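K.L.:
Following this line is input38.cif, made up of mmCIF, C-alpha atoms and all ligand atoms:
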```cif
data_model
#
loop_
_atom_site.label_atom_id
_atom_site.label_comp_id
_atom_site.auth_asym_id
_atom_site.auth_seq_id
_atom_site.Cartn_x
_atom_site.Cartn_y
_atom_site.Cartn_z
CA MET A 28 1.48 -75.73 117.76
CA SER A 29 -1.65 -73.57 118.10
CA ASP A 30 -2.05 -70.97 120.83
CA ARG A 31 -4.76 -73.09 122.30
CA ALA A 32 -2.65 -76.23 122.34
CA GLN A 33 0.20 -74.27 123.92
CA ALA A 34 -1.79 -73.04 126.88
CA SER A 35 -4.74 -75.38 127.14
CA ASN A 36 -4.98 -77.76 130.05
CA ASN A 37 -7.44 -78.60 132.77
CA GLU A 38 -5.61 -76.64 135.42
CA GLU A 39 -7.96 -74.56 137.49
CA ILE A 40 -7.70 -70.82 137.36
CA LYS A 41 -9.58 -68.24 139.39
CA VAL A 42 -10.94 -65.13 137.71
CA VAL A 43 -11.50 -62.34 140.23
CA LEU A 44 -13.84 -59.60 139.06
CA ALA A 45 -13.32 -56.08 140.36
CA GLN A 46 -16.33 -54.32 141.86
CA PRO A 47 -17.23 -51.83 140.51
CA ARG A 48 -16.14 -52.12 136.88
CA GLY A 49 -17.42 -51.07 133.48
CA PHE A 50 -20.12 -48.56 132.61
CA CYS A 51 -20.42 -45.43 134.72
CA ALA A 52 -23.46 -43.15 134.96
CA GLY A 53 -22.03 -40.66 132.43
CA VAL A 54 -21.47 -43.36 129.81
CA GLU A 55 -24.91 -44.92 130.42
CA ARG A 56 -26.48 -41.51 129.95
CA ALA A 57 -24.52 -40.73 126.76
CA ILE A 58 -25.51 -44.04 125.14
CA ASP A 59 -29.10 -43.57 126.28
CA ILE A 60 -29.13 -40.10 124.69
CA VAL A 61 -28.08 -41.45 121.28
CA GLU A 62 -30.62 -44.28 121.47
CA ARG A 63 -33.48 -41.99 122.44
CA ALA A 64 -32.46 -39.40 119.83
CA LEU A 65 -32.62 -42.12 117.17
CA GLU A 66 -36.03 -43.15 118.50
CA LYS A 67 -37.37 -39.59 118.51
CA TYR A 68 -35.86 -38.15 115.33
CA GLY A 69 -35.02 -41.28 113.29
CA ALA A 70 -31.67 -41.97 111.61
CA PRO A 71 -29.27 -40.46 110.99
CA VAL A 72 -28.24 -38.84 114.22
CA TYR A 73 -24.77 -37.29 114.01
CA VAL A 74 -22.39 -37.71 116.93
CA ARG A 75 -19.32 -35.55 117.27
CA HIS A 76 -16.42 -37.81 118.28
CA GLU A 77 -16.90 -41.33 119.62
CA ILE A 78 -19.83 -40.98 122.03
CA VAL A 79 -17.65 -42.86 124.54
CA HIS A 80 -14.26 -44.46 123.92
CA ASN A 81 -15.37 -47.98 123.07
CA LYS A 82 -15.46 -49.57 119.61
CA PHE A 83 -18.23 -52.04 120.52
CA VAL A 84 -20.46 -49.20 121.70
CA VAL A 85 -19.69 -47.05 118.66
CA ASP A 86 -20.22 -49.92 116.19
CA THR A 87 -23.50 -50.89 117.86
CA LEU A 88 -24.84 -47.34 117.66
CA ARG A 89 -23.55 -46.94 114.10
CA GLU A 90 -25.56 -50.00 113.06
CA ARG A 91 -28.66 -48.31 114.46
CA GLY A 92 -28.12 -45.13 112.46
CA ALA A 93 -25.64 -42.94 114.32
CA ILE A 94 -23.00 -41.26 112.17
CA PHE A 95 -19.76 -40.44 113.97
CA VAL A 96 -17.73 -37.43 112.82
CA GLU A 97 -14.76 -35.57 114.24
CA GLU A 98 -15.63 -32.07 113.06
CA ILE A 99 -18.81 -30.04 113.03
CA ASP A 100 -18.36 -29.07 109.36
CA GLU A 101 -18.83 -32.74 108.40
CA ILE A 102 -22.45 -32.49 109.58
CA PRO A 103 -25.22 -31.30 107.23
CA THR A 104 -26.86 -28.00 108.18
CA GLY A 105 -29.71 -28.42 110.63
CA ALA A 106 -29.01 -32.10 111.44
CA VAL A 107 -29.64 -33.63 114.87
CA THR A 108 -26.23 -33.77 116.56
CA VAL A 109 -25.05 -35.24 119.85
CA PHE A 110 -21.93 -33.97 121.62
CA SER A 111 -19.98 -36.84 123.21
CA ALA A 112 -19.63 -37.52 126.95
CA HIS A 113 -16.16 -35.89 126.92
CA GLY A 114 -17.54 -32.39 126.34
CA VAL A 115 -16.65 -29.83 123.70
CA ALA A 116 -14.94 -26.45 123.46
CA LYS A 117 -16.97 -23.22 123.13
CA LYS A 118 -15.83 -22.90 119.53
CA VAL A 119 -17.48 -26.24 118.73
CA GLU A 120 -20.73 -25.03 120.32
CA ASN A 121 -20.46 -21.84 118.27
CA GLY A 122 -19.74 -23.81 115.08
CA ALA A 123 -22.89 -25.85 115.73
CA LEU A 124 -24.90 -22.64 116.12
CA VAL A 125 -23.60 -21.32 112.78
CA ARG A 126 -24.61 -24.58 111.08
CA GLU A 127 -27.96 -24.43 112.88
CA LEU A 128 -27.46 -27.94 114.22
CA ASP A 129 -30.10 -29.38 116.51
CA VAL A 130 -27.71 -30.16 119.36
CA ILE A 131 -28.27 -32.58 122.23
CA ASP A 132 -25.46 -32.40 124.73
CA ALA A 133 -24.28 -35.73 126.16
CA THR A 134 -21.37 -34.15 128.04
CA CYS A 135 -21.11 -35.94 131.38
CA PRO A 136 -22.43 -33.63 134.13
CA LEU A 137 -19.20 -34.24 136.06
CA VAL A 138 -17.20 -32.84 133.13
CA THR A 139 -19.56 -29.85 132.91
CA LYS A 140 -18.92 -29.28 136.63
CA VAL A 141 -15.18 -28.92 135.90
CA HIS A 142 -15.94 -26.45 133.07
CA LYS A 143 -17.98 -24.31 135.47
CA GLU A 144 -15.29 -24.47 138.16
CA GLY A 145 -12.65 -23.35 135.64
CA ARG A 146 -14.83 -20.49 134.42
CA ARG A 147 -15.38 -19.29 138.01
CA TYR A 148 -11.63 -19.10 138.59
CA ALA A 149 -11.11 -17.38 135.22
CA GLU A 150 -13.75 -14.74 136.09
CA LYS A 151 -11.75 -13.93 139.24
CA GLY A 152 -8.62 -13.41 137.15
CA TYR A 153 -6.71 -16.53 138.16
CA ASP A 154 -4.21 -18.29 135.91
CA ILE A 155 -5.58 -21.80 135.69
CA VAL A 156 -3.56 -24.99 135.67
CA LEU A 157 -5.45 -27.87 134.08
CA ILE A 158 -3.97 -31.20 135.16
CA GLY A 159 -4.63 -33.63 132.34
CA HIS A 160 -3.39 -35.15 129.13
CA ILE A 161 -2.98 -32.85 126.13
CA GLY A 162 -4.87 -34.17 123.14
CA HIS A 163 -7.52 -36.05 125.15
CA PRO A 164 -10.92 -34.76 123.98
CA GLU A 165 -12.05 -33.95 127.52
CA VAL A 166 -8.97 -31.76 128.02
CA GLU A 167 -9.48 -30.09 124.64
CA GLY A 168 -13.11 -29.40 125.62
CA THR A 169 -12.24 -28.07 129.09
CA LEU A 170 -9.45 -25.89 127.66
CA GLY A 171 -11.92 -24.46 125.19
CA GLN A 172 -14.57 -23.78 127.85
CA ILE A 173 -12.38 -21.65 130.12
CA PRO A 174 -11.60 -18.13 128.97
CA GLY A 175 -8.28 -16.65 130.08
CA THR A 176 -4.96 -18.33 130.60
CA VAL A 177 -5.01 -22.10 131.02
CA HIS A 178 -1.82 -24.16 131.33
CA VAL A 179 -2.07 -27.93 130.79
CA ILE A 180 0.35 -30.10 132.73
CA SER A 181 0.42 -33.80 133.53
CA GLU A 182 3.55 -34.46 135.61
CA PRO A 183 5.07 -32.92 138.77
CA GLU A 184 8.13 -32.07 136.66
CA ASP A 185 5.97 -29.79 134.48
CA VAL A 186 5.35 -27.41 137.39
CA ALA A 187 8.82 -25.82 137.26
CA GLY A 188 8.23 -24.66 133.68
CA LEU A 189 4.96 -22.81 134.43
CA SER A 190 4.97 -19.09 133.78
CA VAL A 191 2.04 -17.30 135.45
CA ALA A 192 1.07 -13.62 135.74
CA ASP A 193 0.84 -13.60 139.56
CA ASP A 194 2.05 -16.42 141.83
CA GLU A 195 -0.68 -15.44 144.34
CA ARG A 196 -3.52 -15.92 141.85
CA VAL A 197 -3.23 -19.44 140.54
CA ALA A 198 -5.97 -22.09 140.56
CA PHE A 199 -6.14 -25.65 139.28
CA VAL A 200 -8.72 -28.07 137.97
CA THR A 201 -8.21 -31.62 136.72
CA GLN A 202 -9.36 -34.05 134.06
CA THR A 203 -11.99 -36.41 135.50
CA THR A 204 -10.28 -39.70 134.62
CA LEU A 205 -6.77 -39.35 136.06
CA SER A 206 -4.87 -41.57 138.46
CA VAL A 207 -5.70 -40.34 141.95
CA ASN A 208 -2.19 -41.06 143.25
CA ASP A 209 -0.36 -39.44 140.34
CA THR A 210 -2.60 -36.39 140.57
CA LYS A 211 -1.80 -36.02 144.28
CA ASP A 212 1.89 -35.78 143.34
CA VAL A 213 1.19 -33.06 140.75
CA ILE A 214 -0.96 -31.11 143.23
CA ALA A 215 1.79 -31.39 145.87
CA ALA A 216 4.32 -29.96 143.40
CA LEU A 217 1.91 -27.12 142.56
CA LYS A 218 1.37 -26.31 146.25
CA LYS A 219 5.10 -26.26 146.83
CA ARG A 220 5.67 -23.74 144.07
CA PHE A 221 2.43 -21.74 144.58
CA PRO A 222 1.53 -21.94 148.30
CA SER A 223 -1.64 -19.86 147.73
CA ILE A 224 -2.95 -22.04 144.90
CA ILE A 225 -6.62 -23.00 145.13
CA GLY A 226 -8.36 -25.97 143.61
CA PRO A 227 -10.56 -29.00 144.28
CA ASP A 228 -7.74 -31.33 145.41
CA THR A 229 -8.53 -34.67 143.66
CA ARG A 230 -12.31 -34.15 143.80
CA ASP A 231 -12.54 -33.40 140.06
CA ILE A 232 -11.54 -37.02 139.45
CA CYS A 233 -14.98 -38.53 139.13
CA TYR A 234 -16.52 -41.08 141.48
CA ALA A 235 -16.42 -43.79 138.79
CA THR A 236 -12.70 -43.34 138.11
CA GLN A 237 -11.93 -43.31 141.83
CA ASN A 238 -14.08 -46.37 142.60
CA ARG A 239 -12.59 -48.44 139.74
CA GLN A 240 -9.06 -47.56 140.83
CA THR A 241 -9.80 -48.42 144.47
CA ALA A 242 -11.24 -51.77 143.35
CA VAL A 243 -8.13 -52.64 141.33
CA ILE A 244 -5.83 -51.65 144.20
CA ALA A 245 -7.83 -53.98 146.50
CA MET A 246 -7.62 -56.76 143.91
CA ALA A 247 -3.94 -56.33 143.07
CA LYS A 248 -2.71 -58.10 146.20
CA GLN A 249 -4.34 -61.37 145.19
CA VAL A 250 -3.85 -61.73 141.43
CA ASP A 251 -0.89 -62.68 139.22
CA LEU A 252 -2.30 -61.21 136.00
CA LEU A 253 -4.51 -58.17 135.41
CA LEU A 254 -6.77 -57.79 132.40
CA VAL A 255 -8.48 -54.46 131.80
CA VAL A 256 -11.22 -54.44 129.20
CA GLY A 257 -11.20 -51.01 127.61
CA ALA A 258 -10.15 -48.97 124.62
CA HIS A 259 -6.58 -47.86 124.05
CA ASN A 260 -7.72 -44.24 123.94
CA SER A 261 -9.75 -44.58 127.15
CA SER A 262 -7.99 -42.57 129.85
CA ASN A 263 -9.56 -44.28 132.86
CA SER A 264 -8.86 -47.75 131.39
CA ASN A 265 -5.18 -46.92 130.88
CA ARG A 266 -4.95 -45.73 134.47
CA LEU A 267 -6.35 -49.09 135.68
CA ARG A 268 -3.71 -51.00 133.71
CA GLU A 269 -0.98 -48.75 135.16
CA ILE A 270 -2.11 -49.58 138.70
CA GLY A 271 -1.52 -53.27 137.97
CA GLU A 272 1.88 -52.45 136.52
CA ASN A 273 2.80 -50.38 139.57
CA PHE A 274 2.05 -53.45 141.71
CA GLY A 275 4.46 -55.45 139.52
CA ILE A 276 1.68 -57.54 137.96
CA PRO A 277 1.69 -58.27 134.20
CA SER A 278 -1.20 -56.03 133.12
CA TYR A 279 -2.89 -55.82 129.73
CA LEU A 280 -5.49 -53.53 128.24
CA ILE A 281 -7.68 -55.44 125.81
CA GLU A 282 -10.42 -53.95 123.64
CA ASP A 283 -12.28 -57.26 123.65
CA ALA A 284 -11.80 -61.01 124.17
CA SER A 285 -10.14 -61.45 120.76
CA MET A 286 -7.10 -59.53 122.03
CA PHE A 287 -6.56 -61.93 124.91
CA ASP A 288 -3.36 -63.94 124.46
CA PRO A 289 -3.46 -67.40 126.13
CA ALA A 290 0.31 -67.28 126.59
CA TRP A 291 -0.39 -64.73 129.37
CA LEU A 292 -1.81 -67.60 131.46
CA GLN A 293 1.53 -69.37 131.82
CA GLY A 294 2.13 -69.90 135.54
CA VAL A 295 -0.93 -67.86 136.49
CA LYS A 296 -3.31 -69.07 139.21
CA THR A 297 -5.50 -65.98 139.66
CA VAL A 298 -6.53 -63.46 137.02
CA GLY A 299 -7.90 -60.06 137.99
CA LEU A 300 -10.45 -58.73 135.53
CA THR A 301 -11.89 -55.25 135.36
CA ALA A 302 -13.27 -52.87 132.76
CA GLY A 303 -12.99 -49.16 132.10
CA ALA A 304 -15.99 -46.88 132.48
CA SER A 305 -16.87 -47.06 128.78
CA ALA A 306 -16.67 -50.86 128.40
CA PRO A 307 -19.91 -52.89 128.54
CA GLU A 308 -20.16 -55.93 130.81
CA THR A 309 -20.79 -58.16 127.81
CA LEU A 310 -17.11 -57.71 126.81
CA VAL A 311 -16.03 -58.76 130.30
CA GLN A 312 -18.16 -61.90 130.11
CA GLU A 313 -16.78 -62.73 126.65
CA THR A 314 -13.27 -62.45 128.09
CA ILE A 315 -14.14 -64.97 130.82
CA ALA A 316 -15.55 -67.27 128.12
CA ARG A 317 -12.27 -66.98 126.21
CA VAL A 318 -10.21 -67.90 129.31
CA ARG A 319 -12.48 -70.95 129.69
CA ASN A 320 -11.10 -72.18 126.36
CA TYR A 321 -7.77 -72.73 128.09
CA ARG A 322 -8.49 -73.40 131.75
CA THR A 323 -11.14 -74.64 134.15
CA VAL A 324 -12.38 -71.31 135.47
CA THR A 325 -13.97 -70.34 138.77
CA VAL A 326 -15.27 -66.78 138.99
CA GLU A 327 -15.38 -64.67 142.12
CA THR A 328 -16.53 -61.06 142.43
CA LEU A 329 -14.78 -58.95 145.02
CA ASP A 330 -16.76 -56.93 147.52
CA GLY A 331 -16.76 -53.29 146.56
CA VAL A 332 -18.79 -50.15 146.20
CA GLN A 333 -22.28 -50.64 144.75
CA GLU A 334 -22.83 -47.60 142.58
CA ASN A 335 -26.30 -46.19 142.34
CA ILE A 336 -25.74 -42.94 140.49
CA HIS A 337 -27.92 -41.83 137.59
CA PHE A 338 -27.79 -38.56 135.72
CA LYS A 339 -30.88 -36.84 134.36
CA LEU A 340 -31.46 -36.89 130.61
CA PRO A 341 -31.64 -33.64 128.64
CA LYS A 342 -35.23 -32.40 128.81
CA GLU A 343 -35.88 -32.83 125.06
CA LEU A 344 -35.43 -36.61 125.50
CA SER A 345 -36.86 -37.21 128.95
CA ASP A 346 -40.31 -38.19 127.61
CA VAL A 347 -38.93 -40.59 124.94
CA GLU A 348 -39.02 -44.32 125.73
CA ARG A 349 -35.67 -46.06 125.48
CA PRO A 350 -36.18 -48.68 122.73
CA LYS A 351 -36.33 -52.20 124.23
CA ASP A 352 -34.30 -53.82 121.43
CA ALA A 353 -31.62 -51.14 121.95
CA MET A 354 -31.36 -52.01 125.62
CA GLU A 355 -30.93 -55.69 124.79
CA ALA A 356 -27.58 -54.98 123.09
CA TRP A 357 -26.11 -54.12 126.50
CA ALA A 358 -27.69 -57.07 128.29
CA VAL A 359 -25.20 -59.33 129.95
CA THR A 360 -24.82 -62.98 129.05
CA THR A 361 -22.92 -64.64 131.85
CA ALA A 362 -20.08 -66.77 130.58
S1 LIG B 1 -15.82 -41.60 133.67
FE1 LIG B 1 -16.63 -40.12 135.14
S2 LIG B 1 -16.56 -38.15 134.10
FE2 LIG B 1 -16.33 -39.75 132.52
S3 LIG B 1 -18.42 -40.13 131.82
FE3 LIG B 1 -18.05 -41.56 133.48
S4 LIG B 1 -18.84 -40.52 135.34
FE4 LIG B 1 -18.58 -39.00 133.73
#
```
For the structure just supplied, provide its representation as structure tokens.
P.N.:
Amino acid sequence: MSDRAQASNNEEIKVVLAQPRGFCAGVERAIDIVERALEKYGAPVYVRHEIVHNKFVVDTLRERGAIFVEEIDEIPTGAVTVFSAHGVAKKVENGALVRELDVIDATCPLVTKVHKEGRRYAEKGYDIVLIGHIGHPEVEGTLGQIPGTVHVISEPEDVAGLSVADDERVAFVTQTTLSVNDTKDVIAALKKRFPSIIGPDTRDICYATQNRQTAVIAMAKQVDLLLVVGAHNSSNSNRLREIGENFGIPSYLIEDASMFDPAWLQGVKTVGLTAGASAPETLVQETIARVRNYRTVTVETLDGVQENIHFKLPKELSDVERPKDAMEAWAVTTA
């Protein structure tokens, strides 16, 4: 029996859309930067690391002439190069200088803010605790932007193992895409061990991450299945799925509609659907269309924060028109 035959019937199902979901201002800006760079300089434009963690976005930009690389030494001398929204370490900036790359920085301004904060603490001689996930490119970038001693931790249990020069001079910063609740627990453990510790509380967790988490928490009480559209290496998307799990709801992270398994609909009356900050709305709408293959769907969007944040483009691109056909790729077709 096919998947479709297994799950298909005319039973009604409600799809509840989280508000807000999907693209944040930092991701919009990063994509816009690559598109305008291609318009201004022509292909190829090199991009260090995935511009944002989303295969659809990366594939779309690759088709237009972007070349994605992991290391600076893969880029020809002098080439136009974009740094991804996650930010880069100083040594990457220096490597780009040596290769005389024409760099356009798409680091999200909210990540740059954390770099600056960390540098300010370092200048004052503090040991810095960076709360985040080792190996995530944003954490690698932030680590490499702060001179001095930086300790990366992710769990309250990690606090006991910290060895600092002076218990009275400890500061913390955080990755921008963490779980607000989990981060509160880590900060509480830090404050217990280092009562004089200073830091931004959870304010380094960006507005987009916080808003998407709040929306899923509000939605969780009324759904029996949670689908998060986002990449497996997207930190904020993983945190959204975990929220569903913490509420005891079967919760799945899907890169796109093809990963949706109709067997998940067994016994389900209401599906919650959201998307990480790097996932375009078109993937959300394709997921709804896929669910329609198996059920009669009604769609409802929850009330939530209407985001109206835009970040300025780098000045070298501010006078370049965003190509119209490029914008069409992100246009939403309602399912
Ligand atoms: S998730 Fe937050 S920090 Fe990351 S790009 Fe978006 S706005 Fe910037």
K.L.:
Taking a cut-off of 12 Å and counting only C-alpha atoms, can you build a table that, for each residue of segment 151-266 of chain A near segment 289-313 of chain A, reports the nearest atom pair and how far apart they are in Å (one decimal), sorted by chain then residue number, as CSV?
P.N.:
```
residue,atom,partner,partner_atom,distance
A:Thr203,CA,A:Ala304,CA,11.6
A:Thr204,CA,A:Ala304,CA,9.4
A:Cys233,CA,A:Ala304,CA,10.7
A:Tyr234,CA,A:Ala304,CA,10.7
A:Ala235,CA,A:Ala304,CA,7.0
A:Thr236,CA,A:Ala304,CA,7.4
A:Gln237,CA,A:Ala304,CA,10.8
A:Asn238,CA,A:Ala304,CA,10.3
A:Arg239,CA,A:Gly303,CA,7.7
A:Gln240,CA,A:Gly303,CA,9.7
A:Thr241,CA,A:Thr301,CA,11.6
A:Ala242,CA,A:Thr301,CA,8.7
A:Val243,CA,A:Thr301,CA,7.5
A:Ile244,CA,A:Gly299,CA,10.7
A:Ala245,CA,A:Gly299,CA,10.5
A:Met246,CA,A:Gly299,CA,6.8
A:Ala247,CA,A:Gly299,CA,7.4
A:Lys248,CA,A:Gly299,CA,9.9
A:Gln249,CA,A:Thr297,CA,7.3
A:Val250,CA,A:Thr297,CA,4.9
A:Asp251,CA,A:Thr297,CA,5.7
A:Leu252,CA,A:Val298,CA,4.9
A:Leu253,CA,A:Gly299,CA,4.7
A:Leu254,CA,A:Leu300,CA,4.9
A:Val255,CA,A:Thr301,CA,5.0
A:Val256,CA,A:Ala302,CA,4.4
A:Gly257,CA,A:Gly303,CA,5.2
A:Ala258,CA,A:Ala306,CA,7.8
A:His259,CA,A:Gly303,CA,10.4
A:Asn260,CA,A:Ser305,CA,10.7
A:Ser261,CA,A:Gly303,CA,7.5
A:Ser262,CA,A:Gly303,CA,8.6
A:Asn263,CA,A:Gly303,CA,6.0
A:Ser264,CA,A:Gly303,CA,4.4
A:Asn265,CA,A:Gly303,CA,8.2
A:Arg266,CA,A:Gly303,CA,9.1
```
K.L.:
Of the candidates A:Asp231, A:Glu97, A:Glu120, A:Glu77, which shows the shortest atom-to-atom distance to ligand LIG 1 (chain B), using all atoms listed in the file?
P.N.:
A:Asp231
K.L.:
Within 9 Å of (-0.9, -31.6, 133.0), only C-alpha atoms: residues as a list in words?
P.N.:
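Residues found, by chain and rising number: Val156, Leu157, Ile158, Gly159, His160, Ile161, His178, Val179, Ile180, Ser181, Glu182, Pro183, Asp185, Val186, Thr201, Gln202 and Val213 of chain A.
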K.L.:
What are the closest atom pairs, with distances in Å to one decimal, for all residues of segment 77-196 of chain A lying within 10 Å of segment 339-352 of chain A? Consider all atoms listed in the file, order rows by chain and residue number, and present the result as JSON lines.
P.N.:
```
{"residue": "A:Ile131", "atom": "CA", "partner": "A:Pro341", "partner_atom": "CA", "distance": 7.3}
{"residue": "A:Asp132", "atom": "CA", "partner": "A:Pro341", "partner_atom": "CA", "distance": 7.4}
{"residue": "A:Ala133", "atom": "CA", "partner": "A:Pro341", "partner_atom": "CA", "distance": 8.0}
{"residue": "A:Pro136", "atom": "CA", "partner": "A:Lys339", "partner_atom": "CA", "distance": 9.0}
```
K.L.:
Give me a file of those residues, with C-alpha atoms, as a PDB file, keeping the file's coordinate frame.
P.N.:
```
ATOM      1  CA  ILE A 131     -28.270 -32.580 122.230  1.00  0.00           C
ATOM      2  CA  ASP A 132     -25.460 -32.400 124.730  1.00  0.00           C
ATOM      3  CA  ALA A 133     -24.280 -35.730 126.160  1.00  0.00           C
ATOM      4  CA  PRO A 136     -22.430 -33.630 134.130  1.00  0.00           C
TER       5      PRO A 136
END
```
K.L.:
Scan for residues within 12 Å of the point (10.8, -29.6, 147.1) in the coordinates of the file, using all atoms listed in the file, and reply as a compact mmCIF listing (two decimals) with C-alpha atoms, in the coordinates of the input.
P.N.:
```
# COMPACT_ATOMS: atom_id res chain seq x y z
CA PRO A 183 5.07 -32.92 138.77
CA GLU A 184 8.13 -32.07 136.66
CA VAL A 186 5.35 -27.41 137.39
CA ALA A 187 8.82 -25.82 137.26
CA ASP A 212 1.89 -35.78 143.34
CA ALA A 215 1.79 -31.39 145.87
CA ALA A 216 4.32 -29.96 143.40
CA LEU A 217 1.91 -27.12 142.56
CA LYS A 218 1.37 -26.31 146.25
CA LYS A 219 5.10 -26.26 146.83
CA ARG A 220 5.67 -23.74 144.07
CA PHE A 221 2.43 -21.74 144.58
```
K.L.:
For Thr323 of chain A, find every residue with an atom within 7 Å (counting all atoms listed in the file), except residues of its own chain fewer than 4 positions away, and show them as a ChimeraX atom specification.
P.N.:
/A:37-40,319
K.L.:
Can you pull out the residues contacting Lys140 of chain A? Cut-off 12 Å, using all atoms listed in the file, and skip same-chain residues under 4 positions away; I want them as a VMD selection string.
P.N.:
chain A and resid 114 134 to 136 144 to 147 169 172 to 173 200 to 203 227 230 to 233
K.L.:
Pick the closest to ligand LIG 1 (chain B) from A:Ala284, A:Val107, A:Cys51, A:Ala64: which is it, counting all atoms listed in the file?
P.N.:
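Checking each of A:Ala284, A:Val107, A:Cys51, A:Ala64 against ligand LIG 1 (chain B), counting all atoms listed in the file, the winner is A:Cys51.
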K.L.:
Could you tell me which of A:Asn121, A:Thr314, A:Thr325, A:Ser206 comes closest to Ile270 of chain A if we count all atoms listed in the file?
P.N.:
A:Ser206
K.L.:
Please determine, counting all atoms listed in the file, which residue among A:Arg89, A:His337, A:Lys143, A:Lys211 has the shortest atom-to-atom distance to ligand LIG 1 (chain B).
P.N.:
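Using all atoms listed in the file, ligand LIG 1 (chain B) sits closest to A:His337.
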K.L.:
Mind checking which residues fall within 9 Å of Val191 of chain A, counting all atoms listed in the file, ignoring those fewer than 5 positions away in the same chain, and posting them as a list of chain:residue names?
P.N.:
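With the cut-off at 9 Å, the set is A:Asp154, A:Ile155, A:Thr176, A:His178, A:Arg196, A:Val197.
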K.L.:
Select, from A:Leu88, A:Val359, A:Ile58, A:Ile94, the residue with the minimum atom-to-atom distance to Val74 of chain A, counting all atoms listed in the file.
P.N.:
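Looking only at the distances to Val74 of chain A, the closest residue turns out to be A:Ile94.
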K.L.:
Hey, which of A:His113, A:Arg48, A:Arg91, A:Lys67 ends up closest to ligand LIG 1 (chain B)? Count only C-alpha atoms and all ligand atoms.
P.N.:
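With only C-alpha atoms and all ligand atoms as the atom set, the closest residue is A:His113.
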K.L.:
What is the distance, in Å and to one decimal place, between atom CA of Pro47 of chain A and atom CA of Val207 of chain A?
P.N.:
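Atom CA of Pro47 of chain A sits 16.3 Å away from atom CA of Val207 of chain A.
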